[in-house]
$ cat target.txt   # compact mmCIF, C-alpha atoms
# COMPACT_ATOMS: atom_id res chain seq x y z
CA MET A 477 -23.43 -29.26 -33.38
CA GLN A 478 -20.31 -30.02 -35.35
CA VAL A 479 -19.34 -26.35 -35.34
CA LEU A 480 -19.43 -26.33 -31.54
CA THR A 481 -17.25 -29.45 -31.34
CA TYR A 482 -14.81 -27.81 -33.72
CA LEU A 483 -14.74 -24.57 -31.69
CA GLN A 484 -14.06 -26.58 -28.54
CA HIS A 485 -10.71 -27.78 -29.87
CA PRO A 486 -7.77 -25.45 -29.24
CA TRP A 487 -7.56 -22.97 -32.11
CA HIS A 488 -4.65 -22.87 -34.53
CA TRP A 489 -2.18 -20.03 -33.91
CA ALA A 490 -2.87 -18.51 -37.33
CA VAL A 491 -6.62 -18.31 -36.68
CA ALA A 492 -6.02 -16.66 -33.30
CA GLY A 493 -3.38 -14.33 -34.77
CA VAL A 494 -5.68 -13.12 -37.56
CA LEU A 495 -8.56 -12.52 -35.12
CA ILE A 496 -6.35 -10.68 -32.57
CA GLY A 497 -4.88 -8.59 -35.40
CA LEU A 498 -8.37 -7.65 -36.58
CA THR A 499 -9.14 -6.23 -33.12
CA VAL A 500 -6.95 -3.26 -34.13
CA PRO A 501 -9.09 -2.05 -37.09
CA LEU A 502 -12.30 -3.12 -35.30
CA LEU A 503 -11.70 -0.71 -32.39
CA LEU A 504 -10.47 2.06 -34.70
CA ILE A 505 -13.53 1.78 -36.93
CA LEU A 506 -15.95 1.52 -33.99
CA ASP A 507 -14.89 4.96 -32.69
CA ASN A 508 -11.20 5.76 -33.02
CA LYS A 509 -10.18 3.57 -30.08
CA THR A 510 -6.55 2.46 -30.00
CA PHE A 511 -6.23 -1.11 -28.78
CA GLY A 512 -4.56 -1.39 -25.38
CA ILE A 513 -5.53 -3.08 -22.16
CA SER A 514 -3.08 -2.03 -19.43
CA SER A 515 -4.51 1.52 -19.41
CA SER A 516 -7.65 -0.02 -17.87
CA LEU A 517 -5.58 -0.62 -14.70
CA ARG A 518 -4.79 3.10 -14.60
CA HIS A 519 -8.47 3.98 -15.01
CA ILE A 520 -9.32 1.65 -12.12
CA CYS A 521 -6.76 3.49 -9.95
CA ALA A 522 -8.11 6.88 -11.08
CA ALA A 523 -11.68 5.81 -10.35
CA CYS A 524 -11.12 4.01 -7.03
CA ILE A 525 -7.86 5.12 -5.38
CA PRO A 526 -6.70 8.43 -6.93
CA ALA A 527 -5.13 9.56 -3.60
CA ASN A 528 -4.49 13.06 -4.98
CA ILE A 529 -1.73 11.72 -7.28
CA SER A 530 -1.46 13.86 -10.42
CA PHE A 531 -1.04 10.75 -12.65
CA PHE A 532 -4.53 9.67 -11.62
CA LYS A 533 -6.19 13.07 -11.95
CA TYR A 534 -7.82 13.00 -15.37
CA ASP A 535 -11.27 12.35 -16.75
CA TRP A 536 -11.19 8.52 -16.68
CA LYS A 537 -14.88 8.40 -17.61
CA LYS A 538 -13.91 9.62 -21.07
CA GLU A 539 -11.80 6.46 -21.47
CA SER A 540 -14.35 4.15 -19.90
CA TRP A 541 -14.87 2.17 -23.15
CA ASN A 542 -11.72 0.38 -22.06
CA LEU A 543 -13.42 -0.78 -18.83
CA PHE A 544 -16.37 -2.16 -20.83
CA PHE A 545 -13.90 -3.95 -23.08
CA ILE A 546 -12.20 -5.69 -20.13
CA ALA A 547 -15.61 -6.60 -18.68
CA GLY A 548 -16.26 -8.25 -22.06
CA ILE A 549 -12.94 -10.12 -21.86
CA LEU A 550 -13.98 -11.47 -18.45
CA ILE A 551 -17.32 -12.68 -19.84
CA GLY A 552 -15.55 -14.10 -22.91
CA GLY A 553 -13.22 -16.09 -20.66
CA PHE A 554 -16.24 -17.47 -18.83
CA ILE A 555 -18.05 -18.44 -22.06
CA ALA A 556 -14.94 -20.06 -23.52
CA ASN A 557 -14.39 -22.10 -20.38
CA SER A 558 -18.01 -23.21 -19.97
CA LEU A 559 -19.48 -23.52 -23.47
CA LEU A 560 -16.28 -24.12 -25.46
CA HIS A 561 -14.31 -26.07 -22.86
CA ASP A 562 -11.90 -28.70 -24.13
CA SER A 563 -11.40 -31.43 -21.53
CA ALA A 564 -8.12 -32.71 -22.99
CA ASN A 565 -4.78 -31.89 -21.33
CA ILE A 566 -2.83 -28.86 -22.55
CA GLN A 567 -0.36 -30.06 -25.19
CA VAL A 568 3.01 -28.71 -24.06
CA ALA A 569 6.35 -29.29 -25.82
CA ALA A 570 8.22 -32.32 -24.45
CA ALA A 571 11.34 -30.28 -23.65
CA THR A 572 9.34 -27.82 -21.55
CA GLN A 573 7.46 -30.65 -19.81
CA GLU A 574 10.80 -32.18 -18.86
CA ARG A 575 11.99 -28.89 -17.42
CA LEU A 576 8.75 -28.18 -15.59
CA ALA A 577 8.90 -31.66 -14.06
CA THR A 578 12.14 -30.62 -12.35
CA TYR A 579 10.15 -27.69 -10.88
CA GLY A 580 7.57 -30.21 -9.57
CA ILE A 581 4.94 -29.29 -12.18
CA ARG A 582 3.22 -32.30 -13.73
CA ASP A 583 -0.45 -31.35 -13.96
CA TYR A 584 -1.50 -30.24 -17.47
CA SER A 585 -5.25 -30.52 -17.02
CA ALA A 586 -5.85 -26.74 -17.01
CA LEU A 587 -4.44 -23.64 -18.71
CA LEU A 588 -2.69 -22.64 -15.49
CA PRO A 589 -0.62 -25.06 -13.40
CA ALA A 590 -2.65 -26.57 -10.57
CA ASP A 591 0.66 -27.23 -8.79
CA ILE A 592 1.08 -23.58 -7.78
CA HIS A 593 -1.11 -22.82 -4.79
CA LEU A 594 -1.92 -19.30 -3.71
CA PHE A 595 -1.43 -19.73 0.01
CA THR A 596 2.17 -20.86 -0.16
CA LEU A 597 5.37 -18.78 -0.34
CA LYS A 598 5.76 -19.86 -3.98
CA GLY A 599 2.18 -18.87 -4.73
CA LEU A 600 2.63 -15.46 -3.11
CA VAL A 601 5.70 -14.75 -5.25
CA PHE A 602 3.89 -15.85 -8.40
CA PHE A 603 0.59 -14.12 -7.86
CA VAL A 604 1.51 -11.10 -5.75
CA PHE A 605 5.10 -10.27 -6.81
CA GLY A 606 4.53 -11.28 -10.45
CA GLY A 607 1.30 -9.31 -10.65
CA PHE A 608 2.96 -6.22 -9.16
CA LEU A 609 5.71 -6.33 -11.81
CA VAL A 610 3.09 -6.67 -14.56
CA GLY A 611 1.16 -3.60 -13.34
CA PHE A 612 4.20 -1.45 -12.54
CA GLY A 613 6.14 -2.47 -15.66
CA THR A 614 3.36 -2.02 -18.20
CA ARG A 615 2.48 1.44 -16.90
CA TYR A 616 6.14 2.52 -16.78
CA ALA A 617 6.59 1.17 -20.32
CA GLY A 618 3.44 2.99 -21.45
CA GLY A 619 1.65 -0.16 -22.59
CA CYS A 620 1.62 -3.93 -22.62
CA THR A 621 1.55 -6.65 -25.26
CA SER A 622 -1.70 -5.28 -26.70
CA GLY A 623 -0.83 -1.57 -26.65
CA HIS A 624 2.80 -1.82 -27.74
CA ALA A 625 3.36 -5.25 -29.34
CA ILE A 626 0.09 -5.34 -31.31
CA MET A 627 -1.25 -1.76 -31.66
CA GLY A 628 2.08 0.08 -31.61
CA LEU A 629 3.83 -2.26 -34.04
CA SER A 630 0.75 -2.23 -36.30
CA ASN A 631 1.20 1.55 -36.54
CA LEU A 632 4.99 1.15 -37.05
CA GLN A 633 5.88 3.02 -33.86
CA TRP A 634 9.53 2.55 -32.97
CA PRO A 635 9.06 3.21 -29.21
CA SER A 636 6.73 0.20 -29.31
CA LEU A 637 9.39 -1.88 -31.04
CA VAL A 638 11.88 -0.95 -28.29
CA ALA A 639 9.29 -1.80 -25.61
CA THR A 640 8.40 -5.13 -27.26
CA ILE A 641 12.07 -6.14 -27.50
CA CYS A 642 12.43 -5.31 -23.79
CA PHE A 643 9.28 -7.32 -22.91
CA MET A 644 10.87 -10.31 -24.63
CA ALA A 645 14.33 -9.74 -23.12
CA GLY A 646 12.83 -9.49 -19.62
CA GLY A 647 10.78 -12.61 -20.28
CA PHE A 648 13.76 -14.67 -21.48
CA PHE A 649 15.81 -13.56 -18.48
CA SER A 650 12.98 -14.31 -16.07
CA ALA A 651 11.84 -17.67 -17.48
CA ASN A 652 15.38 -19.04 -17.67
CA LEU A 653 17.16 -17.43 -14.73
CA ILE A 654 14.52 -16.40 -12.19
CA VAL A 655 11.59 -18.83 -12.48
CA PRO A 656 13.71 -22.04 -12.12
CA TYR A 657 15.36 -20.68 -8.97
CA LEU A 658 12.08 -19.47 -7.51
CA PHE A 659 10.79 -23.02 -7.79
CA LYS A 660 13.95 -24.51 -6.27
CA TRP A 661 14.21 -22.11 -3.34
CA LEU A 662 10.55 -21.89 -2.53
CA SER A 663 9.58 -25.54 -2.84
CA MET B 1499 -26.12 1.67 -24.60
CA LYS B 1500 -23.16 3.13 -26.44
CA ASN B 1501 -20.65 0.91 -24.67
CA LEU B 1502 -22.39 -2.36 -25.54
CA LYS B 1503 -20.26 -2.72 -28.67
CA TYR B 1504 -17.10 -2.68 -26.56
CA ILE B 1505 -18.49 -5.38 -24.27
CA ILE B 1506 -19.24 -7.53 -27.33
CA ALA B 1507 -15.77 -6.85 -28.82
CA GLY B 1508 -14.28 -7.78 -25.43
CA ILE B 1509 -16.28 -11.03 -25.29
CA PHE B 1510 -14.88 -12.10 -28.67
CA PHE B 1511 -11.38 -11.11 -27.61
CA GLY B 1512 -11.69 -13.05 -24.33
CA ILE B 1513 -12.86 -16.18 -26.16
CA ILE B 1514 -9.91 -15.90 -28.58
CA LEU B 1515 -7.45 -15.57 -25.68
CA VAL B 1516 -8.75 -18.77 -24.07
CA LYS B 1517 -9.15 -20.86 -27.24
CA SER B 1518 -5.74 -19.87 -28.62
CA GLN B 1519 -4.28 -20.73 -25.18
CA VAL B 1520 -2.15 -17.57 -25.21
CA LEU B 1521 -3.27 -16.97 -21.62
CA SER B 1522 -1.77 -20.29 -20.57
CA TRP B 1523 1.19 -20.16 -18.22
CA PHE B 1524 2.53 -23.22 -20.04
CA ARG B 1525 2.49 -21.50 -23.44
CA ILE B 1526 4.42 -18.54 -22.00
CA GLN B 1527 7.07 -20.87 -20.57
CA GLU B 1528 7.34 -22.59 -23.99
CA MET B 1529 7.79 -19.24 -25.70
CA PHE B 1530 10.63 -18.16 -23.41
CA GLN B 1531 12.22 -21.63 -23.51
CA LEU B 1532 12.05 -21.58 -27.35
CA THR B 1533 10.37 -24.98 -27.42
CA SER B 1534 7.24 -24.06 -29.37
CA PHE B 1535 6.34 -21.75 -32.23
CA HIS B 1536 2.76 -21.23 -30.98
CA MET B 1537 3.09 -17.80 -29.28
CA TYR B 1538 5.39 -16.46 -32.00
CA GLY B 1539 2.83 -17.59 -34.57
CA VAL B 1540 -0.03 -15.84 -32.77
CA ILE B 1541 1.80 -12.55 -32.08
CA GLY B 1542 3.53 -12.50 -35.49
CA THR B 1543 0.29 -13.10 -37.40
CA ALA B 1544 -1.56 -10.51 -35.29
CA VAL B 1545 1.11 -7.87 -35.98
CA ILE B 1546 1.11 -8.58 -39.74
CA ILE B 1547 -2.70 -8.35 -39.89
CA GLY B 1548 -2.55 -5.19 -37.75
CA ILE B 1549 0.04 -3.51 -40.01
CA ILE B 1550 -1.95 -4.37 -43.16
CA SER B 1551 -5.18 -3.08 -41.54
CA VAL B 1552 -3.65 0.22 -40.41
CA GLN B 1553 -2.02 0.77 -43.82
CA LEU B 1554 -5.33 0.10 -45.57
CA ILE B 1555 -7.14 2.50 -43.22
CA LYS B 1556 -4.56 5.22 -44.01
CA ARG B 1557 -4.33 4.51 -47.76
CA PHE B 1558 -8.08 4.47 -48.36
CA ASP B 1559 -8.85 7.10 -45.71
CA ILE B 1560 -11.36 4.76 -44.05
CA LYS B 1561 -13.68 6.49 -41.56
CA THR B 1562 -15.23 5.31 -38.30
CA ILE B 1563 -18.82 4.02 -38.37
CA LYS B 1564 -19.85 7.55 -37.30
CA GLY B 1565 -18.03 9.00 -40.31
CA ALA B 1566 -15.16 10.60 -38.38
CA PRO B 1567 -11.60 10.39 -39.72
CA ILE B 1568 -9.43 7.78 -38.00
CA VAL B 1569 -6.54 9.32 -36.07
CA ILE B 1570 -3.92 7.17 -34.34
CA PRO B 1571 -1.74 9.17 -31.94
CA ASP B 1572 2.02 8.66 -32.29
CA LYS B 1573 3.93 7.23 -29.35
CA THR B 1574 6.90 9.13 -27.99
CA PHE B 1575 10.00 7.35 -26.77
CA HIS B 1576 11.11 7.58 -23.14
CA LYS B 1577 13.42 5.49 -20.94
CA GLY B 1578 10.39 3.78 -19.42
CA ASN B 1579 9.89 1.89 -22.68
CA ILE B 1580 13.14 0.10 -21.82
CA ILE B 1581 13.12 -0.10 -18.00
CA GLY B 1582 9.37 -0.66 -17.65
CA GLY B 1583 9.48 -3.07 -20.58
CA LEU B 1584 12.13 -5.22 -18.87
CA ILE B 1585 10.20 -5.15 -15.56
CA PHE B 1586 6.98 -6.19 -17.28
CA GLY B 1587 8.81 -8.98 -19.16
CA ILE B 1588 10.06 -10.41 -15.86
CA GLY B 1589 6.52 -10.37 -14.43
CA TRP B 1590 5.08 -11.79 -17.65
CA ALA B 1591 7.25 -14.92 -17.44
CA ILE B 1592 6.48 -15.40 -13.73
CA THR B 1593 2.69 -14.99 -13.85
CA GLY B 1594 2.25 -16.20 -17.42
CA ALA B 1595 -0.12 -13.30 -18.01
CA CYS B 1596 -0.19 -9.84 -19.49
CA PRO B 1597 -3.07 -7.50 -18.61
CA GLY B 1598 -5.60 -8.83 -21.19
CA PRO B 1599 -5.17 -12.50 -20.29
CA LEU B 1600 -5.47 -11.62 -16.57
CA PHE B 1601 -9.13 -10.73 -17.08
CA ALA B 1602 -9.77 -13.76 -19.31
CA GLN B 1603 -8.14 -16.09 -16.76
CA ILE B 1604 -10.41 -14.79 -14.01
CA GLY B 1605 -13.45 -15.19 -16.27
CA ALA B 1606 -12.33 -18.73 -17.08
CA GLY B 1607 -12.60 -19.56 -13.38
CA PHE B 1608 -9.05 -19.21 -12.08
CA THR B 1609 -10.14 -17.28 -9.00
CA ALA B 1610 -6.65 -16.98 -7.49
CA VAL B 1611 -5.76 -14.69 -10.42
CA VAL B 1612 -7.91 -12.01 -8.75
CA ILE B 1613 -4.89 -11.59 -6.44
CA THR B 1614 -2.60 -11.11 -9.47
CA LEU B 1615 -5.00 -8.49 -10.82
CA LEU B 1616 -5.22 -6.62 -7.51
CA SER B 1617 -1.43 -6.72 -7.30
CA ALA B 1618 -1.14 -5.40 -10.87
CA ILE B 1619 -3.49 -2.54 -9.95
CA ALA B 1620 -1.28 -1.87 -6.90
CA GLY B 1621 1.78 -1.87 -9.19
CA THR B 1622 0.12 0.66 -11.47
CA TRP B 1623 -0.74 2.82 -8.45
CA VAL B 1624 2.83 2.70 -7.12
CA TYR B 1625 4.09 3.73 -10.56
CA GLY B 1626 1.69 6.68 -10.48
CA ALA B 1627 2.90 7.68 -7.02
CA LEU B 1628 6.61 7.41 -7.95
CA LYS B 1629 6.35 8.68 -11.53
CA ASN B 1630 8.13 12.00 -10.95
CA LYS B 1631 11.08 10.29 -9.25
CA LEU B 1632 11.63 7.67 -11.98
CA PRO B 1633 13.83 8.24 -15.04
CA HIS B 1634 11.83 8.93 -18.20

$ encode --input "target.txt" --output "structure tokens"
Amino acid sequence: MQVLTYLQHPWHWAVAGVLIGLTVPLLLILDNKTFGISSSLRHICAACIPANISFFKYDWKKESWNLFFIAGILIGGFIANSLLHDSANIQVAAATQERLATYGIRDYSALLPADIHLFTLKGLVFFVFGGFLVGFGTRYAGGCTSGHAIMGLSNLQWPSLVATICFMAGGFFSANLIVPYLFKWLS
Amino acid sequence: MKNLKYIIAGIFFGIILVKSQVLSWFRIQEMFQLTSFHMYGVIGTAVIIGIISVQLIKRFDIKTIKGAPIVIPDKTFHKGNIIGGLIFGIGWAITGACPGPLFAQIGAGFTAVVITLLSAIAGTWVYGALKNKLPH
């Protein structure tokens, strides 16, 4: 069972990077599928709430491999958290821990902060407002970190480079100028 | 079932997302506070492996398992790559999740993330409804 114990530890970034990178040729070789996850959100809209909007009028069933892939991700998350669970605290850089402490975040027992509760104003902003920006932004940008930053850059697509730079710019702006104030104002 | 292979590929991908901790809100904060190399290491390595893979596929004319030629459509630039990209980046730092990790987080038992997912679907829908009025 030594392999299992080893797999339970957090994986090194290089191991994860190689495996995520290999997802690109894996999906291409399986059947010409270009890696990208945010399009699954569009297929869900097209399948469930098309509302006669032209953007959602297409044959989503043709792209349904993507929905099976996200179902797999969900199951994978479950397996990793049950079978391969590591009970140690998340190791976060001291400088970030110091900053998060000023936000009132001190619990590092799980991958997500237990200090943000859904049914609070702060929680609503994080889960509802944040989620909306993720869905709206990725579709407007034509892809997310998988479609643009991994697949697009792998295929040397310059629109993907522009999008990835903007993902990062938005993230830096948000993490340093929006998130700290959200915590201050909404606490 | 022809889609079983995508479920299996997804399972592996979901496990990687959890074990590499790239779906952790803390890791995203570290990345944007420049206090850890972890996320840059993961994304950088993935892109390098991806570029090498795609080049090898093109150079050696590698086919799919069904024997069909591999075709990767080119992406065309539009203003949404910039505006949408910035909007997504802001949401990414707040929620600590991009679309892939959202599903893995829910699978890993963070049930509140279902709300983030529903909200992301709503965001996608609103984009679809407003698409013709937005600059592209």

$ residues_around --input "target.txt" --residues "A:Tyr482" --least-positions-apart "4" --cutoff "12 Å" --atoms "only C-alpha atoms" --output "MDAnalysis selection string"
(chainID A and resid 477:478 486:488 560:562) or (chainID B and resid 1517)

$ residues_around --input "target.txt" --residues "B:Lys1561" --least-positions-apart "6" --cutoff "7 Å" --atoms "all atoms listed in the file" --output "PyMOL selection string"
(chain A and resi 505) or (chain B and resi 1567-1568)

$ closest_residue --input "target.txt" --among "A:Ile654, A:Leu483, A:Ala556, A:Leu543" --to "B:Phe1511" --atoms "all atoms listed in the file"
A:Ala556

$ residues_around --input "target.txt" --residues "A:Ile555" --least-positions-apart "2" --cutoff "10 Å" --atoms "all atoms listed in the file" --output "list of chain:residue names"
A:Ile549, A:Leu550, A:Ile551, A:Gly552, A:Gly553, A:Asn557, A:Ser558, A:Leu559, A:Leu560, A:His561, B:Ile1509, B:Phe1510, B:Gly1512, B:Ile1513, B:Val1516, B:Ala1602, B:Gly1605, B:Ala1606

$ residues_around --input "target.txt" --residues "B:Ile1555" --least-positions-apart "4" --cutoff "12 Å" --atoms "all atoms listed in the file" --output "JSON, numbers by chain"
{"A": [500, 501, 502, 504, 505, 508, 630, 631], "B": [1548, 1549, 1550, 1551, 1559, 1560, 1561, 1562, 1567, 1568, 1569, 1570]}

$ atom_distance --input "target.txt" --atom1 "atom CA of A:Ser650" --atom2 "atom CA of B:Ala1627"
25.8 Å

$ atom_distance --input "target.txt" --atom1 "atom CA of A:Ile525" --atom2 "atom CA of B:Lys1631"
20.0 Å

$ closest_residue --input "target.txt" --among "B:Thr1609, B:Val1540, B:Pro1633, B:Leu1628" --to "chain A" --atoms "only C-alpha atoms"
B:Val1540

$ closest_residue --input "target.txt" --among "A:Arg575, A:His485, A:Lys509, A:Lys537" --to "B:Glu1528" --atoms "only C-alpha atoms"
A:Arg575

$ residues_around --input "target.txt" --residues "A:Gly623" --least-positions-apart "4" --cutoff "8 Å" --atoms "only C-alpha atoms" --output "MDAnalysis selection string"
chainID A and resid 510:514 619 627:628

$ residues_near_point --input "target.txt" --point "(0.1, -0.4, -17.1)" --cutoff "10 Å" --atoms "all atoms listed in the file" --output "ChimeraX atom specification"
/A:512-519,609-620,623 /B:1582,1586,1596-1597,1618-1619,1621-1623,1625-1626

$ write_last_selection --input "target.txt" --atoms "C-alpha atoms" --output "short mmCIF file (atom, residue, chain, number, x, y, z; two decimals), in the coordinates of the input"
data_model
loop_
_atom_site.label_atom_id
_atom_site.label_comp_id
_atom_site.auth_asym_id
_atom_site.auth_seq_id
_atom_site.Cartn_x
_atom_site.Cartn_y
_atom_site.Cartn_z
CA GLY A 512 -4.56 -1.39 -25.38
CA ILE A 513 -5.53 -3.08 -22.16
CA SER A 514 -3.08 -2.03 -19.43
CA SER A 515 -4.51 1.52 -19.41
CA SER A 516 -7.65 -0.02 -17.87
CA LEU A 517 -5.58 -0.62 -14.70
CA ARG A 518 -4.79 3.10 -14.60
CA HIS A 519 -8.47 3.98 -15.01
CA LEU A 609 5.71 -6.33 -11.81
CA VAL A 610 3.09 -6.67 -14.56
CA GLY A 611 1.16 -3.60 -13.34
CA PHE A 612 4.20 -1.45 -12.54
CA GLY A 613 6.14 -2.47 -15.66
CA THR A 614 3.36 -2.02 -18.20
CA ARG A 615 2.48 1.44 -16.90
CA TYR A 616 6.14 2.52 -16.78
CA ALA A 617 6.59 1.17 -20.32
CA GLY A 618 3.44 2.99 -21.45
CA GLY A 619 1.65 -0.16 -22.59
CA CYS A 620 1.62 -3.93 -22.62
CA GLY A 623 -0.83 -1.57 -26.65
CA GLY B 1582 9.37 -0.66 -17.65
CA PHE B 1586 6.98 -6.19 -17.28
CA CYS B 1596 -0.19 -9.84 -19.49
CA PRO B 1597 -3.07 -7.50 -18.61
CA ALA B 1618 -1.14 -5.40 -10.87
CA ILE B 1619 -3.49 -2.54 -9.95
CA GLY B 1621 1.78 -1.87 -9.19
CA THR B 1622 0.12 0.66 -11.47
CA TRP B 1623 -0.74 2.82 -8.45
CA TYR B 1625 4.09 3.73 -10.56
CA GLY B 1626 1.69 6.68 -10.48
#

$ atom_distance --input "target.txt" --atom1 "atom CA of B:Val1545" --atom2 "atom CA of A:Leu498"
9.5 Å

$ closest_residue --input "target.txt" --among "B:Ala1507, B:Leu1532, B:Leu1615, B:Ile1514" --to "B:Ala1595" --atoms "only C-alpha atoms"
B:Leu1615

$ closest_residue --input "target.txt" --among "A:Gly580, A:Gly599, A:Gly647, A:Pro656" --to "chain B" --atoms "all atoms listed in the file"
A:Gly647

$ build_atoms --input "target.txt" --residues "stretch 489-502 of chain A" --atoms "N, CA and C atoms" --output "mmCIF file, keeping the file's coordinate frame"
data_model
loop_
_atom_site.group_PDB
_atom_site.id
_atom_site.type_symbol
_atom_site.label_atom_id
_atom_site.label_comp_id
_atom_site.auth_asym_id
_atom_site.auth_seq_id
_atom_site.Cartn_x
_atom_site.Cartn_y
_atom_site.Cartn_z
ATOM 1 N N TRP A 489 -2.776 -21.345 -34.175
ATOM 2 C CA TRP A 489 -2.180 -20.030 -33.910
ATOM 3 C C TRP A 489 -2.499 -19.010 -34.998
ATOM 4 N N ALA A 490 -2.618 -19.464 -36.247
ATOM 5 C CA ALA A 490 -2.870 -18.510 -37.330
ATOM 6 C C ALA A 490 -4.276 -17.926 -37.221
ATOM 7 N N VAL A 491 -5.240 -18.768 -36.843
ATOM 8 C CA VAL A 491 -6.620 -18.310 -36.680
ATOM 9 C C VAL A 491 -6.666 -17.253 -35.564
ATOM 10 N N ALA A 492 -6.033 -17.591 -34.428
ATOM 11 C CA ALA A 492 -6.020 -16.660 -33.300
ATOM 12 C C ALA A 492 -5.291 -15.381 -33.669
ATOM 13 N N GLY A 493 -4.171 -15.508 -34.385
ATOM 14 C CA GLY A 493 -3.380 -14.330 -34.770
ATOM 15 C C GLY A 493 -4.176 -13.390 -35.655
ATOM 16 N N VAL A 494 -4.880 -13.949 -36.647
ATOM 17 C CA VAL A 494 -5.680 -13.120 -37.560
ATOM 18 C C VAL A 494 -6.762 -12.395 -36.756
ATOM 19 N N LEU A 495 -7.458 -13.119 -35.876
ATOM 20 C CA LEU A 495 -8.560 -12.520 -35.120
ATOM 21 C C LEU A 495 -8.052 -11.440 -34.144
ATOM 22 N N ILE A 496 -6.912 -11.699 -33.485
ATOM 23 C CA ILE A 496 -6.350 -10.680 -32.570
ATOM 24 C C ILE A 496 -5.924 -9.461 -33.381
ATOM 25 N N GLY A 497 -5.302 -9.697 -34.544
ATOM 26 C CA GLY A 497 -4.880 -8.590 -35.400
ATOM 27 C C GLY A 497 -6.055 -7.739 -35.842
ATOM 28 N N LEU A 498 -7.194 -8.383 -36.118
ATOM 29 C CA LEU A 498 -8.370 -7.650 -36.580
ATOM 30 C C LEU A 498 -9.014 -6.796 -35.481
ATOM 31 N N THR A 499 -8.641 -7.062 -34.217
ATOM 32 C CA THR A 499 -9.140 -6.230 -33.120
ATOM 33 C C THR A 499 -8.678 -4.777 -33.311
ATOM 34 N N VAL A 500 -7.488 -4.604 -33.904
ATOM 35 C CA VAL A 500 -6.950 -3.260 -34.130
ATOM 36 C C VAL A 500 -7.870 -2.422 -35.021
ATOM 37 N N PRO A 501 -8.173 -2.863 -36.273
ATOM 38 C CA PRO A 501 -9.090 -2.050 -37.090
ATOM 39 C C PRO A 501 -10.508 -2.022 -36.526
ATOM 40 N N LEU A 502 -10.939 -3.105 -35.871
ATOM 41 C CA LEU A 502 -12.300 -3.120 -35.300
ATOM 42 C C LEU A 502 -12.500 -1.946 -34.347
#
